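Everything below belongs to final_12.cif, which stores mmCIF, C-alpha atoms and all ligand atoms.
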data_final
loop_
_atom_site.group_PDB
_atom_site.id
_atom_site.type_symbol
_atom_site.label_atom_id
_atom_site.label_comp_id
_atom_site.auth_asym_id
_atom_site.auth_seq_id
_atom_site.Cartn_x
_atom_site.Cartn_y
_atom_site.Cartn_z
ATOM 1 C CA MET A 47 83.523 93.011 109.369
ATOM 2 C CA HIS A 48 86.433 94.502 107.467
ATOM 3 C CA PHE A 49 89.107 93.197 105.222
ATOM 4 C CA PRO A 50 92.360 92.184 106.869
ATOM 5 C CA GLU A 51 94.728 95.120 107.145
ATOM 6 C CA GLY A 52 98.317 95.371 106.021
ATOM 7 C CA GLU A 53 100.034 94.604 102.774
ATOM 8 C CA SER A 54 97.225 93.061 100.805
ATOM 9 C CA SER A 55 97.248 91.621 97.356
ATOM 10 C CA THR A 56 94.639 94.236 96.556
ATOM 11 C CA SER A 57 96.898 97.178 97.259
ATOM 12 C CA ALA A 58 99.546 95.548 95.095
ATOM 13 C CA GLN A 59 97.040 95.604 92.264
ATOM 14 C CA LEU A 60 96.534 99.295 92.383
ATOM 15 C CA THR A 61 98.373 101.716 90.224
ATOM 16 C CA ARG A 62 98.299 105.430 90.725
ATOM 17 C CA SER A 63 96.988 107.557 87.876
ATOM 18 C CA ALA A 64 97.243 111.279 87.249
ATOM 19 C CA SER A 65 94.678 112.812 89.566
ATOM 20 C CA THR A 66 92.182 115.259 88.189
ATOM 21 C CA ASP A 67 91.878 117.058 91.511
ATOM 22 C CA SER A 68 93.565 117.048 94.874
ATOM 23 C CA GLU A 69 91.985 113.743 95.851
ATOM 24 C CA THR A 70 93.812 110.475 95.633
ATOM 25 C CA GLN A 71 92.713 108.727 92.507
ATOM 26 C CA LEU A 72 93.648 105.156 91.814
ATOM 27 C CA LYS A 73 93.110 103.106 88.737
ATOM 28 C CA PHE A 74 92.065 99.495 89.035
ATOM 29 C CA ARG A 75 93.489 96.507 87.351
ATOM 30 C CA LYS A 76 90.619 94.398 86.273
ATOM 31 C CA HIS A 77 92.098 91.252 87.825
ATOM 32 C CA LYS A 78 91.342 89.947 91.234
ATOM 33 C CA PRO A 79 93.010 87.542 93.631
ATOM 34 C CA VAL A 80 92.088 83.996 92.719
ATOM 35 C CA TRP A 81 90.773 82.007 95.606
ATOM 36 C CA ASN A 82 89.978 78.361 95.388
ATOM 37 C CA GLU A 83 87.710 77.557 98.308
ATOM 38 C CA SER A 84 89.018 74.013 98.543
ATOM 39 C CA HIS A 85 92.551 75.201 99.393
ATOM 40 C CA THR A 86 92.026 77.193 102.573
ATOM 41 C CA ASP A 87 89.282 77.967 105.039
ATOM 42 C CA GLU A 88 89.824 81.714 104.919
ATOM 43 C CA PRO A 89 89.823 83.932 101.844
ATOM 44 C CA PRO A 90 93.087 85.775 101.132
ATOM 45 C CA ALA A 91 93.579 89.464 101.947
ATOM 46 C CA GLY A 92 91.316 91.616 99.851
ATOM 47 C CA GLN A 93 88.565 89.020 99.808
ATOM 48 C CA ARG A 94 85.934 87.918 102.273
ATOM 49 C CA PHE A 95 82.716 85.973 102.306
ATOM 50 C CA SER A 96 79.758 88.152 101.400
ATOM 51 C CA THR A 97 78.609 89.959 104.525
ATOM 52 C CA TRP A 98 74.994 90.014 103.273
ATOM 53 C CA PRO A 99 73.889 86.871 105.191
ATOM 54 C CA PHE A 100 75.218 88.282 108.481
ATOM 55 C CA VAL A 101 73.542 91.654 108.205
ATOM 56 C CA GLU A 102 70.252 91.898 110.068
ATOM 57 C CA LYS A 103 67.260 92.084 107.780
ATOM 58 C CA GLY A 104 66.413 95.597 108.975
ATOM 59 C CA LEU A 105 69.863 96.769 107.907
ATOM 60 C CA ARG A 106 69.430 95.718 104.288
ATOM 61 C CA GLY A 107 68.103 97.784 101.419
ATOM 62 C CA PRO A 108 64.422 98.132 100.606
ATOM 63 C CA ARG A 109 62.420 95.597 98.632
ATOM 64 C CA PRO A 110 61.929 94.886 95.842
ATOM 65 C CA TYR A 111 65.635 94.139 95.566
ATOM 66 C CA PRO A 112 67.202 95.206 92.281
ATOM 67 C CA LEU A 113 67.918 92.313 89.903
ATOM 68 C CA TRP A 114 71.679 92.822 90.221
ATOM 69 C CA LEU A 115 71.693 92.380 94.002
ATOM 70 C CA ILE A 116 73.441 89.170 95.093
ATOM 71 C CA GLU A 117 71.946 87.464 98.150
ATOM 72 C CA ASP A 118 73.759 84.123 97.999
ATOM 73 C CA ALA A 119 75.508 83.112 101.211
ATOM 74 C CA GLY A 120 78.391 81.624 99.192
ATOM 75 C CA ALA A 121 79.190 84.857 97.367
ATOM 76 C CA ILE A 122 82.646 86.385 97.703
ATOM 77 C CA ASP A 123 83.393 90.075 98.199
ATOM 78 C CA THR A 124 86.577 91.253 96.505
ATOM 79 C CA GLU A 125 88.058 94.666 97.072
ATOM 80 C CA LEU A 126 89.081 96.008 93.671
ATOM 81 C CA GLY A 127 90.519 99.336 94.768
ATOM 82 C CA ILE A 128 89.943 102.655 96.431
ATOM 83 C CA LEU A 129 87.761 105.308 94.829
ATOM 84 C CA LYS A 130 88.520 108.103 97.240
ATOM 85 C CA THR A 131 90.209 108.655 100.551
ATOM 86 C CA GLY A 132 88.588 111.326 102.655
ATOM 87 C CA LYS A 133 88.949 112.941 106.052
ATOM 88 C CA GLU A 134 86.145 110.939 107.611
ATOM 89 C CA GLY A 135 86.374 107.754 105.633
ATOM 90 C CA ASP A 136 87.215 106.057 102.380
ATOM 91 C CA VAL A 137 85.174 104.771 99.471
ATOM 92 C CA PHE A 138 86.202 101.450 97.940
ATOM 93 C CA LEU A 139 85.144 99.587 94.832
ATOM 94 C CA LEU A 140 83.906 96.145 95.794
ATOM 95 C CA GLU A 141 82.855 93.204 93.696
ATOM 96 C CA ARG A 142 80.291 90.778 95.105
ATOM 97 C CA ALA A 143 80.260 87.626 93.000
ATOM 98 C CA ILE A 144 79.174 84.033 92.819
ATOM 99 C CA GLY A 145 79.645 81.775 89.825
ATOM 100 C CA GLN A 146 79.097 83.836 86.722
ATOM 101 C CA ARG A 147 77.081 86.514 88.573
ATOM 102 C CA GLN A 148 78.897 89.650 89.610
ATOM 103 C CA SER A 149 77.862 93.056 90.859
ATOM 104 C CA LEU A 150 79.975 96.087 91.638
ATOM 105 C CA LEU A 151 79.303 98.030 94.818
ATOM 106 C CA ALA A 152 80.654 101.181 96.411
ATOM 107 C CA ALA A 153 81.754 100.534 100.006
ATOM 108 C CA LYS A 154 81.867 103.697 102.097
ATOM 109 C CA ARG A 155 83.763 103.081 105.322
ATOM 110 C CA TYR A 156 83.818 105.624 108.088
ATOM 111 C CA ARG A 157 86.988 105.795 110.116
ATOM 112 C CA SER A 158 86.968 105.702 113.850
ATOM 113 C CA ARG A 159 89.705 105.036 116.387
ATOM 114 C CA ASP A 160 93.188 106.456 115.830
ATOM 115 C CA HIS A 161 92.118 108.599 112.952
ATOM 116 C CA LEU A 162 91.434 112.227 112.467
ATOM 117 C CA GLN A 163 88.667 113.970 114.263
ATOM 118 C CA PHE A 164 85.381 114.315 112.440
ATOM 119 C CA SER A 165 85.406 117.635 110.749
ATOM 120 C CA ARG A 166 81.796 118.051 109.769
ATOM 121 C CA SER A 167 80.410 120.845 111.802
ATOM 122 C CA GLN A 168 78.357 120.164 114.897
ATOM 123 C CA ALA A 169 75.719 122.377 113.266
ATOM 124 C CA TYR A 170 74.638 119.448 111.067
ATOM 125 C CA SER A 171 73.852 117.243 114.028
ATOM 126 C CA ASP A 172 71.999 119.853 116.068
ATOM 127 C CA GLY A 173 68.710 118.245 116.932
ATOM 128 C CA ARG A 174 70.178 114.732 116.691
ATOM 129 C CA SER A 175 71.828 113.327 119.765
ATOM 130 C CA ALA A 176 73.322 110.106 120.986
ATOM 131 C CA ARG A 177 70.860 108.066 123.000
ATOM 132 C CA ARG A 178 73.166 107.863 126.000
ATOM 133 C CA SER A 179 74.640 110.884 127.691
ATOM 134 C CA ARG A 180 77.901 108.951 128.158
ATOM 135 C CA ASP A 181 78.175 108.766 124.362
ATOM 136 C CA ASN A 182 77.460 112.468 123.950
ATOM 137 C CA ARG A 183 80.155 113.280 126.472
ATOM 138 C CA ALA A 184 82.688 110.977 124.815
ATOM 139 C CA ILE A 185 82.024 112.534 121.393
ATOM 140 C CA ARG A 186 82.437 116.048 122.825
ATOM 141 C CA ASN A 187 85.721 115.051 124.464
ATOM 142 C CA ASN A 188 86.944 113.390 121.252
ATOM 143 C CA SER A 189 88.086 110.312 123.168
ATOM 144 C CA ALA A 190 88.891 107.102 121.253
ATOM 145 C CA TYR A 191 85.538 105.699 122.336
ATOM 146 C CA GLY A 192 83.862 108.948 121.299
ATOM 147 C CA ARG A 193 85.424 108.711 117.846
ATOM 148 C CA ASP A 194 84.153 105.150 117.454
ATOM 149 C CA ILE A 195 80.652 106.284 118.382
ATOM 150 C CA ALA A 196 80.861 109.298 116.072
ATOM 151 C CA ALA A 197 81.897 107.078 113.131
ATOM 152 C CA LEU A 198 78.965 104.757 113.798
ATOM 153 C CA GLN A 199 76.625 107.726 114.061
ATOM 154 C CA TRP A 200 77.751 109.220 110.755
ATOM 155 C CA ALA A 201 77.421 105.840 109.037
ATOM 156 C CA ASN A 202 73.949 105.406 110.514
ATOM 157 C CA ALA A 203 72.951 108.903 109.455
ATOM 158 C CA GLU A 204 74.144 108.268 105.898
ATOM 159 C CA TRP A 205 72.290 104.950 105.795
ATOM 160 C CA THR A 206 69.062 106.438 107.143
ATOM 161 C CA TYR A 207 69.040 109.357 104.710
ATOM 162 C CA LEU A 208 70.063 107.149 101.784
ATOM 163 C CA LEU A 209 67.033 104.953 102.496
ATOM 164 C CA ARG A 210 64.680 107.883 102.937
ATOM 165 C CA CYS A 211 65.917 109.543 99.759
ATOM 166 C CA TYR A 212 65.740 106.323 97.753
ATOM 167 C CA GLU A 213 62.215 105.608 98.939
ATOM 168 C CA ALA A 214 61.170 109.190 98.106
ATOM 169 C CA GLY A 215 62.338 108.681 94.522
ATOM 170 C CA ILE A 216 65.386 110.941 94.808
ATOM 171 C CA PRO A 217 68.118 109.704 92.446
ATOM 172 C CA VAL A 218 70.605 108.274 94.974
ATOM 173 C CA PRO A 219 72.541 104.988 94.761
ATOM 174 C CA TYR A 220 70.484 101.987 95.872
ATOM 175 C CA PRO A 221 71.366 101.350 99.550
ATOM 176 C CA VAL A 222 72.436 97.682 99.795
ATOM 177 C CA GLN A 223 73.351 97.227 103.475
ATOM 178 C CA ILE A 224 74.965 98.752 106.525
ATOM 179 C CA ASP A 225 77.373 96.801 108.708
ATOM 180 C CA GLY A 226 78.810 98.901 111.532
ATOM 181 C CA THR A 227 80.776 101.715 109.920
ATOM 182 C CA GLU A 228 80.577 100.263 106.403
ATOM 183 C CA ILE A 229 77.790 101.110 103.958
ATOM 184 C CA LEU A 230 77.457 99.203 100.708
ATOM 185 C CA MET A 231 75.546 100.890 97.925
ATOM 186 C CA GLU A 232 75.001 100.681 94.203
ATOM 187 C CA PHE A 233 78.158 101.596 92.315
ATOM 188 C CA ILE A 234 77.419 104.428 89.906
ATOM 189 C CA ALA A 235 79.643 103.607 86.980
ATOM 190 C CA ASP A 236 80.900 105.551 84.031
ATOM 191 C CA PRO A 237 78.966 104.079 81.081
ATOM 192 C CA ASP A 238 82.243 104.020 79.107
ATOM 193 C CA ASP A 239 84.128 101.980 81.723
ATOM 194 C CA GLN A 240 82.223 99.745 84.113
ATOM 195 C CA PHE A 241 85.102 99.809 86.647
ATOM 196 C CA ALA A 242 85.346 103.602 86.807
ATOM 197 C CA ALA A 243 83.096 105.789 88.933
ATOM 198 C CA ALA A 244 80.851 108.145 87.013
ATOM 199 C CA PRO A 245 82.420 111.604 86.768
ATOM 200 C CA ARG A 246 81.397 114.291 89.236
ATOM 201 C CA LEU A 247 79.340 117.152 87.835
ATOM 202 C CA GLN A 248 82.383 119.294 88.699
ATOM 203 C CA GLN A 249 84.322 117.615 85.884
ATOM 204 C CA LEU A 250 81.920 118.677 83.113
ATOM 205 C CA SER A 251 82.846 121.514 80.779
ATOM 206 C CA ARG A 252 80.660 124.501 79.946
ATOM 207 C CA PHE A 253 80.122 123.079 76.477
ATOM 208 C CA ASP A 254 78.637 119.848 77.719
ATOM 209 C CA PRO A 255 75.249 119.460 76.004
ATOM 210 C CA ARG A 256 73.825 117.596 79.023
ATOM 211 C CA LEU A 257 73.964 120.656 81.311
ATOM 212 C CA PRO A 258 70.368 121.916 80.794
ATOM 213 C CA SER A 259 68.906 118.463 81.401
ATOM 214 C CA LEU A 260 71.141 117.963 84.446
ATOM 215 C CA TRP A 261 69.855 121.250 85.879
ATOM 216 C CA ASP A 262 66.266 120.064 85.394
ATOM 217 C CA GLN A 263 67.064 116.761 87.113
ATOM 218 C CA LEU A 264 68.717 118.673 89.942
ATOM 219 C CA VAL A 265 65.676 120.903 90.513
ATOM 220 C CA ASP A 266 63.458 117.825 90.469
ATOM 221 C CA ALA A 267 65.679 116.175 93.106
ATOM 222 C CA LEU A 268 65.699 119.336 95.243
ATOM 223 C CA GLU A 269 61.890 119.488 95.118
ATOM 224 C CA LYS A 270 61.702 115.893 96.325
ATOM 225 C CA PHE A 271 64.149 116.704 99.147
ATOM 226 C CA ALA A 272 61.909 119.627 100.111
ATOM 227 C CA GLN A 273 58.808 117.407 100.048
ATOM 228 C CA LEU A 274 60.615 115.145 102.513
ATOM 229 C CA GLY A 275 61.426 118.162 104.677
ATOM 230 C CA VAL A 276 65.148 117.525 104.257
ATOM 231 C CA ALA A 277 68.073 119.628 103.025
ATOM 232 C CA HIS A 278 71.150 117.825 101.678
ATOM 233 C CA GLY A 279 73.386 120.324 103.409
ATOM 234 C CA ASP A 280 76.514 119.729 101.300
ATOM 235 C CA LEU A 281 75.145 119.746 97.799
ATOM 236 C CA SER A 282 77.748 120.904 95.341
ATOM 237 C CA ALA A 283 79.070 119.780 91.973
ATOM 238 C CA TYR A 284 81.355 117.403 93.940
ATOM 239 C CA ASN A 285 78.473 115.434 95.408
ATOM 240 C CA LEU A 286 76.616 114.934 92.138
ATOM 241 C CA LEU A 287 77.658 112.137 89.792
ATOM 242 C CA VAL A 288 76.818 112.107 86.102
ATOM 243 C CA SER A 289 76.342 108.634 84.669
ATOM 244 C CA GLY A 290 75.617 109.163 81.003
ATOM 245 C CA GLU A 291 72.468 111.282 80.979
ATOM 246 C CA ARG A 292 71.606 110.513 84.603
ATOM 247 C CA LEU A 293 72.308 112.750 87.588
ATOM 248 C CA VAL A 294 72.889 110.960 90.923
ATOM 249 C CA VAL A 295 73.054 112.617 94.335
ATOM 250 C CA ILE A 296 75.615 111.148 96.771
ATOM 251 C CA ASP A 297 77.157 111.865 100.180
ATOM 252 C CA VAL A 298 74.097 112.318 102.373
ATOM 253 C CA PRO A 299 75.262 111.802 105.995
ATOM 254 C CA GLN A 300 74.984 115.489 106.876
ATOM 255 C CA CYS A 301 71.421 115.850 105.590
ATOM 256 C CA VAL A 302 69.317 117.910 107.950
ATOM 257 C CA ASP A 303 65.657 117.741 108.849
ATOM 258 C CA LEU A 304 64.319 121.209 108.174
ATOM 259 C CA ALA A 305 61.791 120.937 110.987
ATOM 260 C CA GLY A 306 64.250 119.739 113.639
ATOM 261 C CA ASN A 307 67.454 121.601 112.893
ATOM 262 C CA PRO A 308 67.636 125.344 113.638
ATOM 263 C CA ASN A 309 70.247 125.754 110.870
ATOM 264 C CA GLY A 310 68.248 123.763 108.303
ATOM 265 C CA MET A 311 67.049 126.710 106.218
ATOM 266 C CA ASP A 312 70.563 128.175 106.103
ATOM 267 C CA PHE A 313 71.903 124.878 104.763
ATOM 268 C CA LEU A 314 69.157 124.730 102.146
ATOM 269 C CA HIS A 315 69.870 128.302 101.065
ATOM 270 C CA ARG A 316 73.603 127.607 100.882
ATOM 271 C CA ASP A 317 72.976 124.552 98.692
ATOM 272 C CA CYS A 318 70.900 126.723 96.337
ATOM 273 C CA VAL A 319 73.644 129.358 96.164
ATOM 274 C CA ASN A 320 76.424 126.805 95.559
ATOM 275 C CA LEU A 321 74.541 125.056 92.783
ATOM 276 C CA CYS A 322 73.401 128.257 91.054
ATOM 277 C CA GLU A 323 76.951 129.621 91.191
ATOM 278 C CA TRP A 324 78.341 126.470 89.613
ATOM 279 C CA PHE A 325 75.772 126.442 86.805
ATOM 280 C CA ALA A 326 76.276 130.193 86.282
ATOM 281 C CA SER A 327 80.019 129.582 85.892
ATOM 282 C CA LYS A 328 79.075 127.240 83.019
ATOM 283 C CA GLY A 329 76.852 129.850 81.391
ATOM 284 C CA LEU A 330 73.479 128.747 82.795
ATOM 285 C CA GLU A 331 72.131 131.557 84.963
ATOM 286 C CA HIS A 332 69.565 130.784 87.668
ATOM 287 C CA ASP A 333 68.643 132.932 90.628
ATOM 288 C CA PRO A 334 69.443 131.201 93.945
ATOM 289 C CA ASP A 335 66.817 133.130 95.899
ATOM 290 C CA GLU A 336 64.132 132.220 93.383
ATOM 291 C CA LEU A 337 65.159 128.583 93.594
ATOM 292 C CA PHE A 338 65.128 128.749 97.391
ATOM 293 C CA ALA A 339 61.661 130.377 97.430
ATOM 294 C CA SER A 340 60.247 127.818 95.019
ATOM 295 C CA LEU A 341 61.588 124.973 97.196
ATOM 296 C CA LEU A 342 59.904 126.436 100.261
ATOM 297 C CA GLY A 343 56.652 125.986 98.347
ATOM 298 C CA HIS A 344 57.341 122.223 98.245
ATOM 299 C CA LEU A 345 57.964 121.744 101.947
ATOM 300 C CA PHE A 346 55.775 118.935 103.338
HETATM 301 N N1 LIG B 1 77.825 105.031 94.909
HETATM 302 C C1 LIG B 1 78.937 105.471 94.322
HETATM 303 N N2 LIG B 1 79.232 105.093 93.051
HETATM 304 C C2 LIG B 1 80.366 105.529 92.450
HETATM 305 N N3 LIG B 1 81.274 106.329 93.046
HETATM 306 C C3 LIG B 1 81.034 106.725 94.304
HETATM 307 C C4 LIG B 1 79.871 106.327 95.009
HETATM 308 N N4 LIG B 1 79.897 106.871 96.241
HETATM 309 C C5 LIG B 1 81.040 107.581 96.300
HETATM 310 N N5 LIG B 1 81.731 107.498 95.142
HETATM 311 C C6 LIG B 1 83.034 108.107 94.825
HETATM 312 O O1 LIG B 1 83.683 108.433 96.020
HETATM 313 C C7 LIG B 1 83.803 109.854 96.139
HETATM 314 C C8 LIG B 1 83.570 110.262 97.587
HETATM 315 O O2 LIG B 1 82.276 109.891 98.008
HETATM 316 P P1 LIG B 1 81.437 110.818 98.972
HETATM 317 O O3 LIG B 1 80.220 110.039 99.372
HETATM 318 O O4 LIG B 1 81.223 112.149 98.343
HETATM 319 O O5 LIG B 1 82.398 110.893 100.243
HETATM 320 P P2 LIG B 1 83.192 112.094 100.931
HETATM 321 O O6 LIG B 1 82.511 112.239 102.245
HETATM 322 O O7 LIG B 1 84.579 111.583 101.042
HETATM 323 O O8 LIG B 1 83.067 113.330 100.077
HETATM 324 C C9 LIG B 1 82.776 110.408 95.151
HETATM 325 O O9 LIG B 1 83.140 111.685 94.676
HETATM 326 C C10 LIG B 1 82.821 109.393 94.046
HETATM 327 O O10 LIG B 1 83.936 109.595 93.212
HETATM 328 MG MG MG B 2 81.578 114.105 98.935
#

Target format structure tokens, applied to this file:
Amino acid sequence: MHFPEGESSTSAQLTRSASTDSETQLKFRKHKPVWNESHTDEPPAGQRFSTWPFVEKGLRGPRPYPLWLIEDAGAIDTELGILKTGKEGDVFLLERAIGQRQSLLAAKRYRSRDHLQFSRSQAYSDGRSARRSRDNRAIRNNSAYGRDIAALQWANAEWTYLLRCYEAGIPVPYPVQIDGTEILMEFIADPDDQFAAAPRLQQLSRFDPRLPSLWDQLVDALEKFAQLGVAHGDLSAYNLLVSGERLVVIDVPQCVDLAGNPNGMDFLHRDCVNLCEWFASKGLEHDPDELFASLLGHLF
């Protein structure tokens, strides 16, 4: 279930800010549409009833639920703005609230019909395949139906790996729910502004005193990935958020199972190289091949 399209009160709330990189960055006004339930049956654009009650139990996050998670059927979801538009989908900031209780969530929505083709390489999904050959054919042919299926598959893959990572103790956002092509997860906020996403590692300067500890947290996360037999596959300073002292890994749909994917080891090695190069550019030298070799020692 998605928000109504078109000119919404939410988009009117958004104001563009200077972007730090090529991505669209929008700043949020901390006001939301006011909806008095007694006036109309349907919430206005930009709001909806919480989708939590409609999501099958198996498609909700793992127990124990975090204290901030809102389960109430009467809760309202309000879209507060867009965090990032991407080729395959967009990430929105969503508030789920009832009474005085409020929690902020990141809503990652994969695009399907009438949008651009999925650009992630087929190499990531080697070893995974659609259950029905009709679906595989449609995806290969890039038909409208194929694009719908591909969007659902990428959302499912992200959900599955988010759960596996979370349950393995890897620092990823808590996975709240999946509903079709929309994943809701814990919003990783900037401790200085609860409505702003935590900065990406990419944004940190070489003088940032947190760098050595962030490297240690990264190695710890990589070891846990290896113990799971999984490579992230797109791990760079863009897919790591820094919330205060805490490093958080995001963007996991292209994760690969090292046992099942013939390209798995290459992805793992490339992740090691990318990360070591980034830290080296900030003055912290680590050898990518040594890192790679030490991770192989943690496999299974
Ligand atoms: N859970 C989250 N909490 C806060 N910000 C997030 C979260 N997930 C994504 N974002 C923001 O959205 C951006 C894009 O998310 P990502 O999962 O990397 O998607 P993409 O596939 O577009 O790269 C991130 O760089 C970050 O700024
Ligand atoms: Mg990303």

Straight-line distance linking atom CA of Leu250 of chain A with atom CA of Glu323 of chain A, stated in Å to one decimal: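 Between atom CA of Leu250 of chain A and atom CA of Glu323 of chain A the gap is 14.5 Å.
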
Might I get the box with edges along x, y and z of the file that holds all atoms of segment 85-103 of chain A listed there, padded by 3 Å on every side, given as centre and edge lengths in Å to one decimal, as AutoDock Vina command-line options?
--center_x 80.4 --center_y 83.6 --center_z 104.7 --size_x 32.3 --size_y 22.9 --size_z 16.7

Nearby polymer residues, ligand MG 2 (chain B), at most 12 Å, all atoms listed in the file, as a PyMOL selection string: chain A and resi 69+129-137+154+166+204+246-248+278-287+295-300

I need the chosen residues saved as a compact mmCIF listing (two decimals), in the coordinates of the input, with C-alpha atoms.
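Okay, again_5.txt is ready:
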# COMPACT_ATOMS: atom_id res chain seq x y z
CA GLU A 69 91.98 113.74 95.85
CA LEU A 129 87.76 105.31 94.83
CA LYS A 130 88.52 108.10 97.24
CA THR A 131 90.21 108.66 100.55
CA GLY A 132 88.59 111.33 102.66
CA LYS A 133 88.95 112.94 106.05
CA GLU A 134 86.14 110.94 107.61
CA GLY A 135 86.37 107.75 105.63
CA ASP A 136 87.22 106.06 102.38
CA VAL A 137 85.17 104.77 99.47
CA LYS A 154 81.87 103.70 102.10
CA ARG A 166 81.80 118.05 109.77
CA GLU A 204 74.14 108.27 105.90
CA ARG A 246 81.40 114.29 89.24
CA LEU A 247 79.34 117.15 87.84
CA GLN A 248 82.38 119.29 88.70
CA HIS A 278 71.15 117.82 101.68
CA GLY A 279 73.39 120.32 103.41
CA ASP A 280 76.51 119.73 101.30
CA LEU A 281 75.14 119.75 97.80
CA SER A 282 77.75 120.90 95.34
CA ALA A 283 79.07 119.78 91.97
CA TYR A 284 81.36 117.40 93.94
CA ASN A 285 78.47 115.43 95.41
CA LEU A 286 76.62 114.93 92.14
CA LEU A 287 77.66 112.14 89.79
CA VAL A 295 73.05 112.62 94.34
CA ILE A 296 75.61 111.15 96.77
CA ASP A 297 77.16 111.86 100.18
CA VAL A 298 74.10 112.32 102.37
CA PRO A 299 75.26 111.80 106.00
CA GLN A 300 74.98 115.49 106.88

Separation of atom CA of Phe271 of chain A from atom CA of Trp114 of chain A in Å: 26.6 Å

Among listed residues A:Gly226, A:Gly275, A:Pro221, A:Gly329, nearest ligand LIG 1 (chain B) (using all atoms listed in the file):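 For ligand LIG 1 (chain B), the nearest of the candidates is A:Pro221.
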
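For the pair atom CA of Arg193 of chain A and atom O6 of ligand LIG 1 (chain B), the interatomic distance is 16.3 Å.
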
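Put simply, the PyMOL selection byres (((chain A and resi 274) around 12) and not hetatm) in this file takes in Tyr207, Arg210, Cys211, Tyr212, Glu213, Ala214, Gly215, Ile216, Ala267, Leu268, Glu269, Lys270, Phe271, Ala272, Gln273, Gly275, Val276, Ala277, His278, Cys301, Val302, Asp303, Leu304, Ala305, Leu341, Leu342, His344, Leu345 and Phe346 of chain A.
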
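The closest residue to Ser96 of chain A, picked from A:Ser259, A:Asp225, A:Pro108, A:Asn188 and counting only C-alpha atoms, is A:Asp225.
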
Pick from A:Gln249, A:Ser171, A:Asn182, A:Ser340 nearest to ligand LIG 1 (chain B), counting all atoms listed in the file: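 Looking at the shortest contact to ligand LIG 1 (chain B), the residue is A:Gln249.
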
Evaluate the PyMOL selection byres (((chain A and resi 243) around 10) and not hetatm) and report residues as a list in words: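 When the PyMOL selection byres (((chain A and resi 243) around 10) and not hetatm) is applied to the shown file, the picked residues are Leu129, Leu139, Ala152, Phe233, Ile234, Ala235, Asp236, Pro237, Asp239, Gln240, Phe241, Ala242, Ala244, Pro245, Arg246, Leu287, Val288 and Ser289 of chain A.
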
Residue nearest ligand LIG 1 (chain B) - candidates A:Ala153, A:Pro112, A:Asp262, A:Asp118, atoms counted: all atoms listed in the file: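 Nearest to ligand LIG 1 (chain B): A:Ala153.
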
Closest of A:Glu88, A:Asp181, A:Asp194, A:Glu232 to ligand LIG 1 (chain B) - atom-to-atom distances counting only C-alpha atoms and all ligand atoms: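 So, comparing all the options, the nearest one is A:Glu232.
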
Ala119 of chain A surroundings by only C-alpha atoms, 12 Å radius, close-in-sequence under 4 positions cut, as a list in words: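 The filter keeps Arg94, Phe95, Ser96, Thr97, Trp98, Pro99, Phe100, Val101, Asp123, Arg142, Ala143 and Ile144 of chain A.
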
Of the listed residues A:Gly343, A:Pro110, A:Pro334, A:Pro258, that which approaches Cys318 of chain A most closely, counting all atoms listed in the file: A:Pro334

Residues near Thr124 of chain A, cut-off 6 Å, all atoms listed in the file, skip fewer than 3 positions along chain, as a list in words: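 Once the adjacent positions are removed, what remains is Gly92, Gln93, Leu140 and Glu141 of chain A.
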
Given the PyMOL selection byres (((chain A and resi 185) around 12) and not hetatm), the residues it picks as a VMD selection string: chain A and resid 158 to 159 163 to 164 168 171 175 to 176 178 to 184 186 to 200
